[in-house]
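File shown: my_file-v1.cif (mmCIF, C-alpha atoms).
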```cif
data_my_file
loop_
_atom_site.group_PDB
_atom_site.id
_atom_site.type_symbol
_atom_site.label_atom_id
_atom_site.label_comp_id
_atom_site.auth_asym_id
_atom_site.auth_seq_id
_atom_site.Cartn_x
_atom_site.Cartn_y
_atom_site.Cartn_z
ATOM 1 C CA MET A 251 -118.191 88.341 -184.452
ATOM 2 C CA SER A 252 -120.948 85.789 -184.911
ATOM 3 C CA ALA A 253 -122.079 84.863 -188.408
ATOM 4 C CA PRO A 254 -124.858 82.728 -189.852
ATOM 5 C CA ASP A 255 -124.330 78.972 -189.855
ATOM 6 C CA SER A 256 -124.089 78.833 -193.643
ATOM 7 C CA GLU A 257 -121.042 81.125 -193.812
ATOM 8 C CA GLU A 258 -117.531 79.824 -193.224
ATOM 9 C CA LEU A 259 -115.568 81.020 -190.243
ATOM 10 C CA THR A 260 -113.229 83.881 -191.082
ATOM 11 C CA PRO A 261 -109.493 83.463 -190.454
ATOM 12 C CA ASP A 262 -109.851 85.882 -187.513
ATOM 13 C CA ASP A 263 -112.624 83.727 -186.015
ATOM 14 C CA ILE A 264 -110.544 80.586 -186.489
ATOM 15 C CA PHE A 265 -107.458 82.089 -184.888
ATOM 16 C CA GLU A 266 -109.577 83.338 -181.985
ATOM 17 C CA ILE A 267 -110.950 79.831 -181.458
ATOM 18 C CA LEU A 268 -107.529 78.207 -181.794
ATOM 19 C CA SER A 269 -105.824 80.734 -179.510
ATOM 20 C CA ASN A 270 -106.707 78.648 -176.452
ATOM 21 C CA HIS A 271 -105.513 75.073 -175.931
ATOM 22 C CA ARG A 272 -108.795 73.965 -174.303
ATOM 23 C CA ARG A 273 -110.787 75.108 -177.318
ATOM 24 C CA ARG A 274 -108.359 73.210 -179.542
ATOM 25 C CA MET A 275 -108.886 70.164 -177.320
ATOM 26 C CA VAL A 276 -112.673 70.543 -177.625
ATOM 27 C CA LEU A 277 -112.405 70.473 -181.426
ATOM 28 C CA TYR A 278 -109.957 67.578 -181.345
ATOM 29 C CA TYR A 279 -112.127 65.482 -179.021
ATOM 30 C CA LEU A 280 -115.345 66.224 -180.919
ATOM 31 C CA ARG A 281 -113.717 65.226 -184.225
ATOM 32 C CA ARG A 282 -112.501 61.940 -182.706
ATOM 33 C CA THR A 283 -115.912 61.067 -181.245
ATOM 34 C CA GLY A 284 -118.124 61.779 -184.230
ATOM 35 C CA GLY A 285 -118.922 65.420 -183.537
ATOM 36 C CA THR A 286 -120.984 65.262 -180.343
ATOM 37 C CA ALA A 287 -120.213 64.910 -176.664
ATOM 38 C CA ASP A 288 -121.562 65.459 -173.193
ATOM 39 C CA VAL A 289 -119.905 68.405 -171.400
ATOM 40 C CA THR A 290 -119.041 66.263 -168.364
ATOM 41 C CA GLU A 291 -117.416 63.620 -170.586
ATOM 42 C CA LEU A 292 -115.598 66.333 -172.548
ATOM 43 C CA ALA A 293 -114.267 67.944 -169.364
ATOM 44 C CA GLY A 294 -113.036 64.576 -168.101
ATOM 45 C CA GLU A 295 -111.200 63.764 -171.312
ATOM 46 C CA ILE A 296 -109.574 67.199 -171.514
ATOM 47 C CA ALA A 297 -108.561 67.067 -167.834
ATOM 48 C CA SER A 298 -107.117 63.622 -168.493
ATOM 49 C CA MET A 299 -104.990 64.961 -171.368
ATOM 50 C CA GLU A 300 -103.861 68.005 -169.401
ATOM 51 C CA ASN A 301 -102.884 66.039 -166.308
ATOM 52 C CA GLY A 302 -101.466 63.004 -168.075
ATOM 53 C CA VAL A 303 -103.586 60.523 -166.143
ATOM 54 C CA PRO A 304 -106.432 58.216 -167.159
ATOM 55 C CA VAL A 305 -109.943 59.654 -166.752
ATOM 56 C CA GLU A 306 -110.708 57.263 -163.891
ATOM 57 C CA ASP A 307 -107.658 58.540 -161.921
ATOM 58 C CA LEU A 308 -108.635 62.229 -162.059
ATOM 59 C CA THR A 309 -109.355 64.046 -158.824
ATOM 60 C CA SER A 310 -112.613 65.934 -158.530
ATOM 61 C CA GLN A 311 -110.616 69.193 -158.422
ATOM 62 C CA GLN A 312 -108.870 68.389 -161.733
ATOM 63 C CA ARG A 313 -112.217 67.618 -163.366
ATOM 64 C CA LYS A 314 -113.985 70.625 -161.883
ATOM 65 C CA ARG A 315 -111.271 73.095 -162.973
ATOM 66 C CA VAL A 316 -111.701 72.066 -166.613
ATOM 67 C CA TYR A 317 -115.496 71.734 -166.423
ATOM 68 C CA VAL A 318 -115.938 75.253 -165.039
ATOM 69 C CA SER A 319 -113.713 76.865 -167.666
ATOM 70 C CA LEU A 320 -115.495 74.988 -170.460
ATOM 71 C CA TYR A 321 -118.975 75.690 -169.090
ATOM 72 C CA GLN A 322 -118.449 79.365 -168.296
ATOM 73 C CA THR A 323 -115.973 80.522 -170.945
ATOM 74 C CA HIS A 324 -114.880 78.313 -173.820
ATOM 75 C CA LEU A 325 -118.071 76.569 -174.913
ATOM 76 C CA PRO A 326 -120.218 79.747 -174.833
ATOM 77 C CA LYS A 327 -117.546 81.607 -176.841
ATOM 78 C CA MET A 328 -117.354 78.827 -179.432
ATOM 79 C CA ALA A 329 -121.165 78.688 -179.604
ATOM 80 C CA GLN A 330 -121.361 82.467 -180.033
ATOM 81 C CA MET A 331 -119.056 82.109 -183.045
ATOM 82 C CA ASN A 332 -121.240 79.241 -184.331
ATOM 83 C CA ALA A 333 -118.267 76.860 -184.290
ATOM 84 C CA ILE A 334 -120.280 74.479 -182.094
ATOM 85 C CA GLU A 335 -123.841 74.000 -180.964
ATOM 86 C CA TYR A 336 -123.907 74.138 -177.191
ATOM 87 C CA ASP A 337 -127.040 73.202 -175.252
ATOM 88 C CA LYS A 338 -126.308 74.393 -171.712
ATOM 89 C CA ASP A 339 -129.491 72.830 -170.311
ATOM 90 C CA ALA A 340 -128.886 69.384 -171.818
ATOM 91 C CA GLY A 341 -125.119 69.637 -171.312
ATOM 92 C CA THR A 342 -124.294 68.637 -174.892
ATOM 93 C CA VAL A 343 -121.895 69.991 -177.484
ATOM 94 C CA ARG A 344 -121.927 69.344 -181.234
ATOM 95 C CA LEU A 345 -119.698 70.476 -184.105
ATOM 96 C CA THR A 346 -121.286 72.583 -186.816
ATOM 97 C CA ASP A 347 -120.589 72.626 -190.537
ATOM 98 C CA ARG A 348 -118.700 75.891 -190.021
ATOM 99 C CA THR A 349 -115.795 74.069 -188.341
ATOM 100 C CA ASN A 350 -114.864 72.111 -191.469
ATOM 101 C CA ASN A 351 -112.316 74.676 -192.658
ATOM 102 C CA ILE A 352 -110.431 74.864 -189.330
ATOM 103 C CA ASP A 353 -108.210 71.862 -190.105
ATOM 104 C CA ARG A 354 -106.286 73.738 -192.778
ATOM 105 C CA TYR A 355 -105.079 76.138 -190.073
ATOM 106 C CA LEU A 356 -103.656 73.338 -187.958
ATOM 107 C CA THR A 357 -100.175 72.067 -188.667
ATOM 108 C CA SER A 358 -99.289 68.449 -189.000
ATOM 109 C CA GLY A 359 -96.027 68.871 -187.107
ATOM 110 C CA GLU A 360 -92.904 67.222 -188.406
ATOM 111 C CA GLN A 361 -94.706 64.171 -189.789
ATOM 112 C CA VAL A 362 -93.790 63.195 -193.314
ATOM 113 C CA THR A 363 -96.682 61.525 -195.036
ATOM 114 C CA TYR A 364 -96.685 59.408 -198.145
ATOM 115 C CA PRO A 365 -97.433 61.527 -201.258
ATOM 116 C CA TRP A 366 -100.590 59.704 -202.319
ATOM 117 C CA ARG A 367 -101.535 62.194 -205.042
ATOM 118 C CA PHE A 368 -98.213 61.519 -206.810
ATOM 119 C CA HIS A 369 -98.707 57.787 -206.302
ATOM 120 C CA TYR A 370 -102.076 57.952 -208.082
ATOM 121 C CA LEU A 371 -100.635 60.202 -210.784
ATOM 122 C CA ALA A 372 -97.861 57.654 -211.394
ATOM 123 C CA LEU A 373 -100.416 54.827 -211.541
ATOM 124 C CA THR A 374 -102.462 56.809 -214.053
ATOM 125 C CA ILE A 375 -99.432 57.499 -216.240
ATOM 126 C CA VAL A 376 -98.157 53.899 -216.127
ATOM 127 C CA GLY A 377 -101.625 52.498 -216.785
ATOM 128 C CA GLY A 378 -102.249 54.974 -219.605
ATOM 129 C CA VAL A 379 -98.902 54.259 -221.276
ATOM 130 C CA LEU A 380 -99.395 50.482 -221.048
ATOM 131 C CA LEU A 381 -102.942 50.697 -222.432
ATOM 132 C CA SER A 382 -101.813 53.037 -225.231
ATOM 133 C CA LEU A 383 -98.874 50.809 -226.190
ATOM 134 C CA SER A 384 -101.095 47.740 -226.175
ATOM 135 C CA ALA A 385 -103.739 49.457 -228.315
ATOM 136 C CA ALA A 386 -101.042 50.600 -230.743
ATOM 137 C CA GLY A 387 -99.781 47.005 -231.054
ATOM 138 C CA ALA A 388 -96.375 47.517 -229.459
ATOM 139 C CA PRO A 389 -94.284 44.327 -229.729
ATOM 140 C CA VAL A 390 -93.590 44.233 -225.996
ATOM 141 C CA LEU A 391 -97.302 44.120 -225.141
ATOM 142 C CA GLU A 392 -98.664 42.240 -228.158
ATOM 143 C CA SER A 393 -99.596 39.204 -226.090
ATOM 144 C CA ALA A 394 -101.423 41.237 -223.415
ATOM 145 C CA SER A 395 -105.032 42.089 -224.142
ATOM 146 C CA LEU A 396 -106.516 45.504 -223.443
ATOM 147 C CA LEU A 397 -109.015 43.863 -221.097
ATOM 148 C CA TRP A 398 -106.336 42.335 -218.863
ATOM 149 C CA LEU A 399 -104.235 45.500 -218.842
ATOM 150 C CA GLY A 400 -107.341 47.477 -217.857
ATOM 151 C CA ILE A 401 -108.190 44.989 -215.104
ATOM 152 C CA GLY A 402 -104.583 45.108 -213.852
ATOM 153 C CA THR A 403 -104.584 48.915 -213.788
ATOM 154 C CA LEU A 404 -107.917 48.958 -211.961
ATOM 155 C CA ALA A 405 -106.581 46.404 -209.460
ATOM 156 C CA MET A 406 -103.532 48.611 -208.769
ATOM 157 C CA PHE A 407 -105.842 51.537 -208.005
ATOM 158 C CA ALA A 408 -108.054 49.373 -205.785
ATOM 159 C CA VAL A 409 -105.091 48.033 -203.781
ATOM 160 C CA SER A 410 -103.623 51.523 -203.417
ATOM 161 C CA ALA A 411 -106.932 52.988 -202.237
ATOM 162 C CA THR A 412 -107.393 50.136 -199.747
ATOM 163 C CA VAL A 413 -103.898 50.612 -198.328
ATOM 164 C CA GLN A 414 -104.424 54.376 -198.070
ATOM 165 C CA LEU A 415 -107.761 53.895 -196.281
ATOM 166 C CA PHE A 416 -106.237 51.371 -193.883
ATOM 167 C CA LEU A 417 -103.308 53.665 -193.074
ATOM 168 C CA ARG A 418 -105.599 56.656 -192.548
ATOM 169 C CA ARG A 419 -107.717 54.688 -190.068
ATOM 170 C CA GLN A 420 -104.568 53.600 -188.229
ATOM 171 C CA ASP A 421 -103.403 57.213 -187.847
ATOM 172 C CA ASP A 422 -104.509 57.981 -184.308
ATOM 173 C CA SER A 423 -101.988 60.733 -183.714
ATOM 174 C CA VAL A 424 -102.663 63.837 -181.708
ATOM 175 C CA PRO A 425 -102.351 67.079 -183.692
ATOM 176 C CA PHE A 426 -99.084 68.961 -183.259
ATOM 177 C CA GLU A 427 -100.892 71.765 -181.384
ATOM 178 C CA LEU A 428 -101.930 69.283 -178.690
ATOM 179 C CA SER A 429 -98.807 67.090 -178.668
ATOM 180 C CA GLN A 430 -97.737 68.361 -175.254
ATOM 181 C CA TYR A 431 -100.863 66.667 -173.885
ATOM 182 C CA ASP A 432 -100.313 63.367 -175.697
ATOM 183 C CA ARG A 433 -100.208 60.481 -173.241
#
```
Is it possible to give me this structure as C-alpha cells?
Amino acid sequence: MSAPDSEELTPDDIFEILSNHRRRMVLYYLRRTGGTADVTELAGEIASMENGVPVEDLTSQQRKRVYVSLYQTHLPKMAQMNAIEYDKDAGTVRLTDRTNNIDRYLTSGEQVTYPWRFHYLALTIVGGVLLSLSAAGAPVLESASLLWLGIGTLAMFAVSATVQLFLRRQDDSVPFELSQYDR
C-alpha cells in the first residue's frame, strides 16, 4: 500500500487515511500548525477536541488514551502510507508533499463561500470593456484617459485580492468532518 514520496496518494489510500477521525484530526492539526508537531502535543490537542475541554484541563487518562492510539496505530499507519514522516525516537510528526491532494476529498459542509473566481471574471470583463470603449473614443469615456482607467482597474483587483486574503486568514473553521469536535 506504500508508494514512493514523489507519487500522489491514491483515492484508496486517502479514504483509508480519512476513515478514522483521529487520523483526520492529525492532518487537521498539522495543517493548522505549519506541518510539524510533537506527538505529545498532538495527542493533547486531539484529546482536547475529543473531550471538549482545554488542554490544561485534560486528565492523564484522557491524554494517555489518545497518545497510545496515535503512537501504536495511527501514526505508524500514516507513515507507512507516506502521508506523514513519523520519527518515533524523536517523537515528531511532519506532513509530506503526498498529503496535498487530500483536501479535495474533504467536504466544506454547508458553508456558502463567496464566488471569487466569478468576481475576478466580472472585474476583468468590466475593466476590459471600459478600456476598450476608452481606446475606441466612446463619448461616455472621452474624458477618461487609458492610464487612469488602467490604474482604476488594477486598484479594483488589488482591493479584491486584499479582501480575499484577509477573509481567508480569518477563516478558522473546523472542517465538516471534525465539526463534532469543534469547541
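What separates atom CA of Asp339 of chain A from atom CA of Tyr317 of chain A is a distance of 14.6 Å.
Atom CA of Leu371 of chain A is positioned 23.0 Å from atom CA of Ala388 of chain A.
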Could you check which of A:Asn332, A:Gln312, A:Thr290, A:Ser319 is closest to His271 of chain A, using all atoms listed in the file? A:Ser319
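You will find atom CA of Tyr364 of chain A at 13.2 Å from atom CA of Phe416 of chain A.
Counting all atoms listed in the file, the residue from A:Gly400, A:Pro261, A:Gly377, A:Pro389 that sits nearest to Tyr355 of chain A is A:Pro261.
Applied to this file, the PyMOL selection byres ((chain A and resi 277) around 10) selects A:Ile267, A:Leu268, A:His271, A:Arg272, A:Arg273, A:Arg274, A:Met275, A:Val276, A:Tyr278, A:Tyr279, A:Leu280, A:Arg281, A:Arg282, A:Gly285, A:Met328, A:Ala333, A:Ile334, A:Arg344, A:Leu345, A:Thr349, A:Ile352, A:Asp353.
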Is it possible to get the axis-aligned box enclosing segment 383-394 of chain A (all listed atoms, 5 Å extra per side) as AutoDock Vina command-line options, with centre and edge lengths in Å rounded to one decimal?
```
--center_x -98.7 --center_y 45.0 --center_z -227.2 --size_x 20.1 --size_y 21.6 --size_z 17.6
```
Test item: the PyMOL selection byres ((chain A and resi 414) around 12) resolved as a PyMOL selection string: chain A and resi 363-367+369-370+407-413+415-421
Which residue, A:Phe265, A:Trp398, A:Tyr321, A:Phe368, has the smallest gap to Gly341 of chain A when you use all atoms listed in the file? A:Tyr321
Suppose a student applies the PyMOL selection byres ((chain A and resi 396) around 10) to this structure; what residues should they get, written as a ChimeraX atom specification? /A:380-385,391-395,397-402
Would you put the residues from that selection into a file with C-alpha atoms, as a CSV table (one decimal), in the coordinates of the input?
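See result-v3.csv below for the written result:
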```csv
chain,number,residue,atom,x,y,z
A,380,LEU,CA,-99.4,50.5,-221.0
A,381,LEU,CA,-102.9,50.7,-222.4
A,382,SER,CA,-101.8,53.0,-225.2
A,383,LEU,CA,-98.9,50.8,-226.2
A,384,SER,CA,-101.1,47.7,-226.2
A,385,ALA,CA,-103.7,49.5,-228.3
A,391,LEU,CA,-97.3,44.1,-225.1
A,392,GLU,CA,-98.7,42.2,-228.2
A,393,SER,CA,-99.6,39.2,-226.1
A,394,ALA,CA,-101.4,41.2,-223.4
A,395,SER,CA,-105.0,42.1,-224.1
A,397,LEU,CA,-109.0,43.9,-221.1
A,398,TRP,CA,-106.3,42.3,-218.9
A,399,LEU,CA,-104.2,45.5,-218.8
A,400,GLY,CA,-107.3,47.5,-217.9
A,401,ILE,CA,-108.2,45.0,-215.1
A,402,GLY,CA,-104.6,45.1,-213.9
```
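Around the point (-116.0, 79.1, -194.2), within 7 Å and counting all atoms listed in the file, we find these residues: Glu257, Glu258, Leu259, Thr260, Arg348 and Asn351 of chain A.
Using all atoms listed in the file, the nearest neighbour of Glu300 of chain A within the list A:Arg313, A:Thr403, A:Leu373, A:Ser269 is A:Arg313.
If you measure from each of A:Val305, A:Asp262, A:Thr323, A:Gly284 to Thr346 of chain A using all atoms listed in the file, the closest one turns out to be A:Gly284.
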